[in-house]
file final-v3.tsv (TSV, C-alpha atoms)
chain	number	residue	atom	x	y	z
A	1	MET	CA	141.79	72.95	134.00
A	2	GLN	CA	139.74	72.19	137.11
A	3	LYS	CA	141.50	75.00	138.97
A	4	ILE	CA	140.53	77.48	136.27
A	5	ILE	CA	136.90	76.37	136.38
A	6	MET	CA	136.88	76.54	140.18
A	7	ILE	CA	138.35	80.08	140.10
A	8	LEU	CA	135.74	81.20	137.55
A	9	VAL	CA	132.93	79.75	139.66
A	10	LEU	CA	134.25	81.55	142.76
A	11	ILE	CA	134.52	84.84	140.84
A	12	LEU	CA	130.97	84.55	139.52
A	13	PHE	CA	129.67	83.65	142.96
A	14	THR	CA	131.44	86.66	144.51
A	15	ILE	CA	130.06	89.00	141.85
A	16	SER	CA	126.53	87.74	142.47
A	17	LEU	CA	126.91	88.36	146.20
A	18	LEU	CA	128.15	91.90	145.63
A	19	SER	CA	125.37	92.90	143.24
A	20	ASP	CA	122.67	95.14	144.67
A	21	GLU	CA	119.27	93.68	145.26
A	22	THR	CA	117.61	96.84	144.00
A	23	GLY	CA	115.73	97.92	140.93
A	24	SER	CA	114.12	101.03	139.49
A	25	ILE	CA	110.85	102.31	138.11
A	26	SER	CA	110.22	104.95	135.51
A	27	GLY	CA	107.18	106.24	133.75
A	28	VAL	CA	104.92	109.19	133.12
A	29	VAL	CA	101.88	110.71	134.83
A	30	LEU	CA	99.13	111.74	132.40
A	31	ASP	CA	95.56	113.01	132.55
A	32	LYS	CA	92.70	111.20	130.81
A	33	SER	CA	93.37	113.20	127.61
A	34	GLY	CA	96.98	112.01	127.49
A	35	ASN	CA	98.46	115.33	128.59
A	36	ALA	CA	101.36	115.30	131.01
A	37	ILE	CA	100.70	116.26	134.61
A	38	PRO	CA	103.77	118.20	135.65
A	39	PHE	CA	105.18	117.80	139.16
A	40	ALA	CA	102.81	115.00	140.23
A	41	ALA	CA	103.93	112.99	143.25
A	42	VAL	CA	104.77	109.29	142.83
A	43	VAL	CA	105.16	107.41	146.12
A	44	PHE	CA	105.58	103.85	147.34
A	45	ARG	CA	102.89	103.42	149.96
A	46	SER	CA	104.01	102.44	153.47
A	47	THR	CA	107.60	103.51	152.68
A	48	GLU	CA	109.60	106.70	152.49
A	49	ILE	CA	110.31	106.15	148.78
A	50	GLY	CA	108.94	108.77	146.43
A	51	VAL	CA	109.67	111.43	143.87
A	52	VAL	CA	108.05	114.38	142.10
A	53	ALA	CA	107.65	114.06	138.33
A	54	ASP	CA	109.32	116.62	136.08
A	55	GLU	CA	107.57	119.29	133.99
A	56	ARG	CA	106.72	116.63	131.36
A	57	GLY	CA	105.18	114.27	133.93
A	58	ARG	CA	108.12	111.85	133.71
A	59	PHE	CA	109.75	110.24	136.73
A	60	LEU	CA	112.53	107.82	137.64
A	61	ILE	CA	113.15	106.23	141.02
A	62	LYS	CA	116.36	104.23	141.48
A	63	ASN	CA	117.71	101.91	144.18
A	64	ILE	CA	114.37	100.49	145.27
A	65	PRO	CA	114.71	97.30	147.33
A	66	VAL	CA	113.45	94.26	145.41
A	67	GLY	CA	109.89	93.33	146.30
A	68	GLU	CA	106.22	94.01	145.67
A	69	TYR	CA	104.72	97.43	146.40
A	70	ASP	CA	101.63	99.56	146.02
A	71	VAL	CA	102.61	102.73	144.14
A	72	ALA	CA	100.44	105.84	144.16
A	73	SER	CA	100.38	109.05	142.15
A	74	VAL	CA	98.54	112.24	143.06
A	75	SER	CA	98.49	115.89	142.06
A	76	PRO	CA	96.28	118.85	143.07
A	77	GLY	CA	93.02	118.74	141.13
A	78	PHE	CA	93.35	115.00	140.44
A	79	ALA	CA	92.21	111.93	142.34
A	80	MET	CA	94.90	109.65	143.74
A	81	TYR	CA	95.55	106.55	141.66
A	82	ILE	CA	97.12	103.47	143.24
A	83	LYS	CA	98.76	100.64	141.29
A	84	GLN	CA	98.82	97.56	143.48
A	85	GLY	CA	101.31	94.73	143.28
A	86	VAL	CA	104.09	96.56	141.42
A	87	VAL	CA	107.07	94.19	141.39
A	88	ILE	CA	110.61	95.54	141.54
A	89	TYR	CA	113.15	93.13	140.05
A	90	PRO	CA	116.90	93.23	140.73
A	91	ASP	CA	119.01	95.25	138.30
A	92	SER	CA	115.93	96.08	136.22
A	93	THR	CA	113.70	99.08	135.50
A	94	SER	CA	109.94	98.55	135.58
A	95	ILE	CA	107.78	100.94	133.51
A	96	ILE	CA	104.80	102.29	135.44
A	97	ASN	CA	102.48	104.85	133.82
A	98	PHE	CA	99.64	106.63	135.60
A	99	GLU	CA	96.44	108.14	134.20
A	100	LEU	CA	94.88	110.44	136.78
A	101	GLN	CA	91.24	111.51	136.73
A	102	THR	CA	90.28	115.09	137.52
A	103	THR	CA	88.41	115.75	140.72
A	104	ARG	CA	86.48	118.71	141.97
A	105	VAL	CA	88.35	120.88	144.44
A	106	GLU	CA	86.16	122.45	147.09
A	107	PHE	CA	87.06	125.42	149.22
A	108	GLU	CA	85.29	126.73	152.27
A	109	CYS	CA	85.22	130.44	152.68
A	110	GLU	CA	83.03	132.93	154.45
A	111	PHE	CA	81.62	135.88	152.68
A	112	ILE	CA	82.61	139.02	154.53
A	113	PRO	CA	80.53	141.96	153.39
A	114	SER	CA	82.42	145.11	152.63
A	115	ASN	CA	81.88	148.14	154.77
A	116	SER	CA	79.35	150.15	152.77
A	117	SER	CA	80.13	153.34	154.64
A	118	ALA	CA	83.76	153.39	153.50
A	119	LYS	CA	84.37	155.63	150.49

call {"tool": "encode", "arguments": {"input": "final-v3.tsv", "output": "C-alpha cells"}}
result
Amino acid sequence: MQKIIMILVLILFTISLLSDETGSISGVVLDKSGNAIPFAAVVFRSTEIGVVADERGRFLIKNIPVGEYDVASVSPGFAMYIKQGVVIYPDSTSIINFELQTTRVEFECEFIPSNSSAK
C-alpha cells in the first residue's frame, strides 16, 4: 500500500513540475457609451506581449508568464488607458475590460492657396 501511495505522490509531483507557469487574459475594449472599439491594441507594458482586439472589441492573450503587469489599451481617437497591477495566475484566465475615453485628434497642415490664374 505504501508503494502505491509513494508512486501516486511521485506522479502528482511530476505533473506539477511539467505544468506551465502561464495564464491568460481576455476581455473587451469599449467606449464610454458601452460600444465596442474594434481593433484596439491591448499591450503588456515593458514587454513584447500584446494583441489587437477583434471587430467586436474582444481580445484573448494566452501563455503569459505568471506575474503582475500593467496592461494598456489604446486606439486612434481614444486616450490610452492603463490598468496597473493585473495579476496573471497559472492555468487561469483573468478577465480585463477597458473603457476608453475619446480624445481630440489634432492635425497640423498648411493652407496652400490655389493658383487663381489656372482655369

call {"tool": "residues_near_point", "arguments": {"input": "final-v3.tsv", "point": "(97.7, 106.9, 140.3)", "cutoff": "7 Å", "atoms": "only C-alpha atoms", "output": "mmCIF file with C-alpha atoms, keeping the file's coordinate frame"}}
result
data_model
loop_
_atom_site.group_PDB
_atom_site.id
_atom_site.type_symbol
_atom_site.label_atom_id
_atom_site.label_comp_id
_atom_site.auth_asym_id
_atom_site.auth_seq_id
_atom_site.Cartn_x
_atom_site.Cartn_y
_atom_site.Cartn_z
ATOM 1 C CA ALA A 72 100.440 105.840 144.160
ATOM 2 C CA SER A 73 100.380 109.050 142.150
ATOM 3 C CA VAL A 74 98.540 112.240 143.060
ATOM 4 C CA MET A 80 94.900 109.650 143.740
ATOM 5 C CA TYR A 81 95.550 106.550 141.660
ATOM 6 C CA ILE A 82 97.120 103.470 143.240
ATOM 7 C CA LYS A 83 98.760 100.640 141.290
ATOM 8 C CA PHE A 98 99.640 106.630 135.600
ATOM 9 C CA GLU A 99 96.440 108.140 134.200
ATOM 10 C CA LEU A 100 94.880 110.440 136.780
#

call {"tool": "closest_residue", "arguments": {"input": "final-v3.tsv", "among": "A:Ile64, A:Ile37, A:Val43, A:Val52", "to": "Ser24 in chain A", "atoms": "all atoms listed in the file"}}
result
A:Ile64

call {"tool": "closest_residue", "arguments": {"input": "final-v3.tsv", "among": "A:Glu55, A:Thr47, A:Asn63, A:Thr93", "to": "Ser26 in chain A", "atoms": "only C-alpha atoms"}}
result
A:Thr93

call {"tool": "atom_distance", "arguments": {"input": "final-v3.tsv", "atom1": "CA of Pro76 in chain A", "atom2": "CA of Gly23 in chain A"}}
result
28.7 Å

call {"tool": "residues_near_point", "arguments": {"input": "final-v3.tsv", "point": "(94.2, 113.7, 129.7)", "cutoff": "12 Å", "atoms": "all atoms listed in the file", "output": "ChimeraX atom specification"}}
result
/A:29-37,57,78,98-102

call {"tool": "residues_around", "arguments": {"input": "final-v3.tsv", "residues": "Phe59 in chain A", "least_positions_apart": "4", "cutoff": "9 Å", "atoms": "all atoms listed in the file", "output": "list in words"}}
result
Ile25, Ser26, Gly27, Val28, Val29, Val42, Val51, Val52, Ala53 and Asp54 of chain A

call {"tool": "residues_around", "arguments": {"input": "final-v3.tsv", "residues": "Glu21 in chain A", "least_positions_apart": "3", "cutoff": "7 Å", "atoms": "all atoms listed in the file", "output": "list in words"}}
result
Pro65, Val66 and Pro90 of chain A

call {"tool": "closest_residue", "arguments": {"input": "final-v3.tsv", "among": "A:Phe44, A:Thr103, A:Gly50, A:Glu110", "to": "Tyr69 in chain A", "atoms": "all atoms listed in the file"}}
result
A:Phe44

call {"tool": "atom_distance", "arguments": {"input": "final-v3.tsv", "atom1": "CA of Val87 in chain A", "atom2": "CA of Gly67 in chain A"}}
result
5.7 Å

call {"tool": "atom_distance", "arguments": {"input": "final-v3.tsv", "atom1": "CA of Glu48 in chain A", "atom2": "CA of Gly77 in chain A"}}
result
23.4 Å

call {"tool": "closest_residue", "arguments": {"input": "final-v3.tsv", "among": "A:Leu60, A:Ile49, A:Ala41, A:Val71", "to": "Gln84 in chain A", "atoms": "all atoms listed in the file"}}
result
A:Val71

call {"tool": "closest_residue", "arguments": {"input": "final-v3.tsv", "among": "A:Arg58, A:Ser75, A:Ala40, A:Asp70", "to": "Asn97 in chain A", "atoms": "all atoms listed in the file"}}
result
A:Arg58

call {"tool": "closest_residue", "arguments": {"input": "final-v3.tsv", "among": "A:Glu108, A:Gln2, A:Ile95, A:Gly85", "to": "Arg45 in chain A", "atoms": "all atoms listed in the file"}}
result
A:Gly85

call {"tool": "decode", "arguments": {"input": "final-v3.tsv", "residues": "range 14-95 of chain A", "atoms": "C-alpha atoms", "output": "short mmCIF file (atom, residue, chain, number, x, y, z; two decimals), in the first residue's frame"}}
result
data_model
loop_
_atom_site.label_atom_id
_atom_site.label_comp_id
_atom_site.auth_asym_id
_atom_site.auth_seq_id
_atom_site.Cartn_x
_atom_site.Cartn_y
_atom_site.Cartn_z
CA THR A 14 5.99 15.20 -11.77
CA ILE A 15 2.75 16.57 -13.23
CA SER A 16 3.06 19.74 -11.16
CA LEU A 17 6.62 20.25 -12.41
CA LEU A 18 5.57 19.82 -16.02
CA SER A 19 2.64 22.23 -15.87
CA ASP A 20 3.20 25.62 -17.47
CA GLU A 21 3.54 28.61 -15.26
CA THR A 22 1.46 30.72 -17.62
CA GLY A 23 -2.01 32.16 -17.68
CA SER A 24 -4.25 34.17 -19.98
CA ILE A 25 -6.33 37.31 -20.10
CA SER A 26 -9.45 38.04 -22.06
CA GLY A 27 -11.86 40.90 -22.19
CA VAL A 28 -13.38 43.64 -24.29
CA VAL A 29 -12.47 47.23 -25.17
CA LEU A 30 -15.43 49.62 -25.04
CA ASP A 31 -16.07 53.35 -25.30
CA LYS A 32 -17.83 55.30 -22.54
CA SER A 33 -21.23 54.52 -24.15
CA GLY A 34 -20.57 50.78 -23.98
CA ASN A 35 -19.93 50.38 -27.70
CA ALA A 36 -17.14 48.09 -28.82
CA ILE A 37 -13.94 49.66 -30.09
CA PRO A 38 -12.84 47.40 -32.93
CA PHE A 39 -9.15 46.65 -33.45
CA ALA A 40 -7.93 48.44 -30.30
CA ALA A 41 -4.44 47.47 -29.14
CA VAL A 42 -4.01 45.70 -25.79
CA VAL A 43 -0.40 45.52 -24.59
CA PHE A 44 1.54 44.49 -21.51
CA ARG A 45 3.77 47.46 -20.75
CA SER A 46 7.53 46.84 -20.65
CA THR A 47 7.09 43.53 -22.51
CA GLU A 48 6.58 42.36 -26.07
CA ILE A 49 3.20 40.83 -25.19
CA GLY A 50 0.21 42.31 -26.96
CA VAL A 51 -2.68 41.77 -29.31
CA VAL A 52 -5.21 43.66 -31.41
CA ALA A 53 -8.86 43.23 -30.44
CA ASP A 54 -11.29 41.83 -33.00
CA GLU A 55 -14.10 43.74 -34.75
CA ARG A 56 -16.26 43.39 -31.60
CA GLY A 57 -13.53 44.78 -29.32
CA ARG A 58 -12.84 41.36 -27.79
CA PHE A 59 -9.36 40.01 -27.14
CA LEU A 60 -7.60 36.96 -25.74
CA ILE A 61 -3.92 36.64 -24.89
CA LYS A 62 -2.61 33.20 -23.93
CA ASN A 63 0.67 31.88 -22.49
CA ILE A 64 1.50 34.92 -20.39
CA PRO A 65 4.17 34.23 -17.75
CA VAL A 66 2.71 34.31 -14.25
CA GLY A 67 3.22 37.65 -12.52
CA GLU A 68 1.93 41.18 -12.08
CA TYR A 69 1.75 43.57 -15.02
CA ASP A 70 0.50 46.95 -16.15
CA VAL A 71 -1.78 46.42 -19.15
CA ALA A 72 -2.69 49.25 -21.53
CA SER A 73 -5.27 49.68 -24.26
CA VAL A 74 -5.29 52.38 -26.93
CA SER A 75 -6.97 53.11 -30.24
CA PRO A 76 -6.89 56.12 -32.60
CA GLY A 77 -9.24 58.82 -31.32
CA PHE A 78 -9.13 57.47 -27.76
CA ALA A 79 -6.87 58.18 -24.81
CA MET A 80 -4.66 55.35 -23.58
CA TYR A 81 -5.99 53.58 -20.50
CA ILE A 82 -3.62 51.64 -18.23
CA LYS A 83 -4.72 49.03 -15.70
CA GLN A 84 -1.99 48.65 -13.11
CA GLY A 85 -1.27 45.55 -11.07
CA VAL A 86 -3.01 42.99 -13.29
CA VAL A 87 -2.14 39.58 -11.85
CA ILE A 88 -1.72 36.57 -14.11
CA TYR A 89 -2.32 33.29 -12.29
CA PRO A 90 -1.12 29.88 -13.50
CA ASP A 91 -3.55 27.89 -15.64
CA SER A 92 -6.19 30.61 -15.29
CA THR A 93 -7.80 33.32 -17.43
CA SER A 94 -8.19 36.78 -15.91
CA ILE A 95 -10.98 39.00 -17.28
#
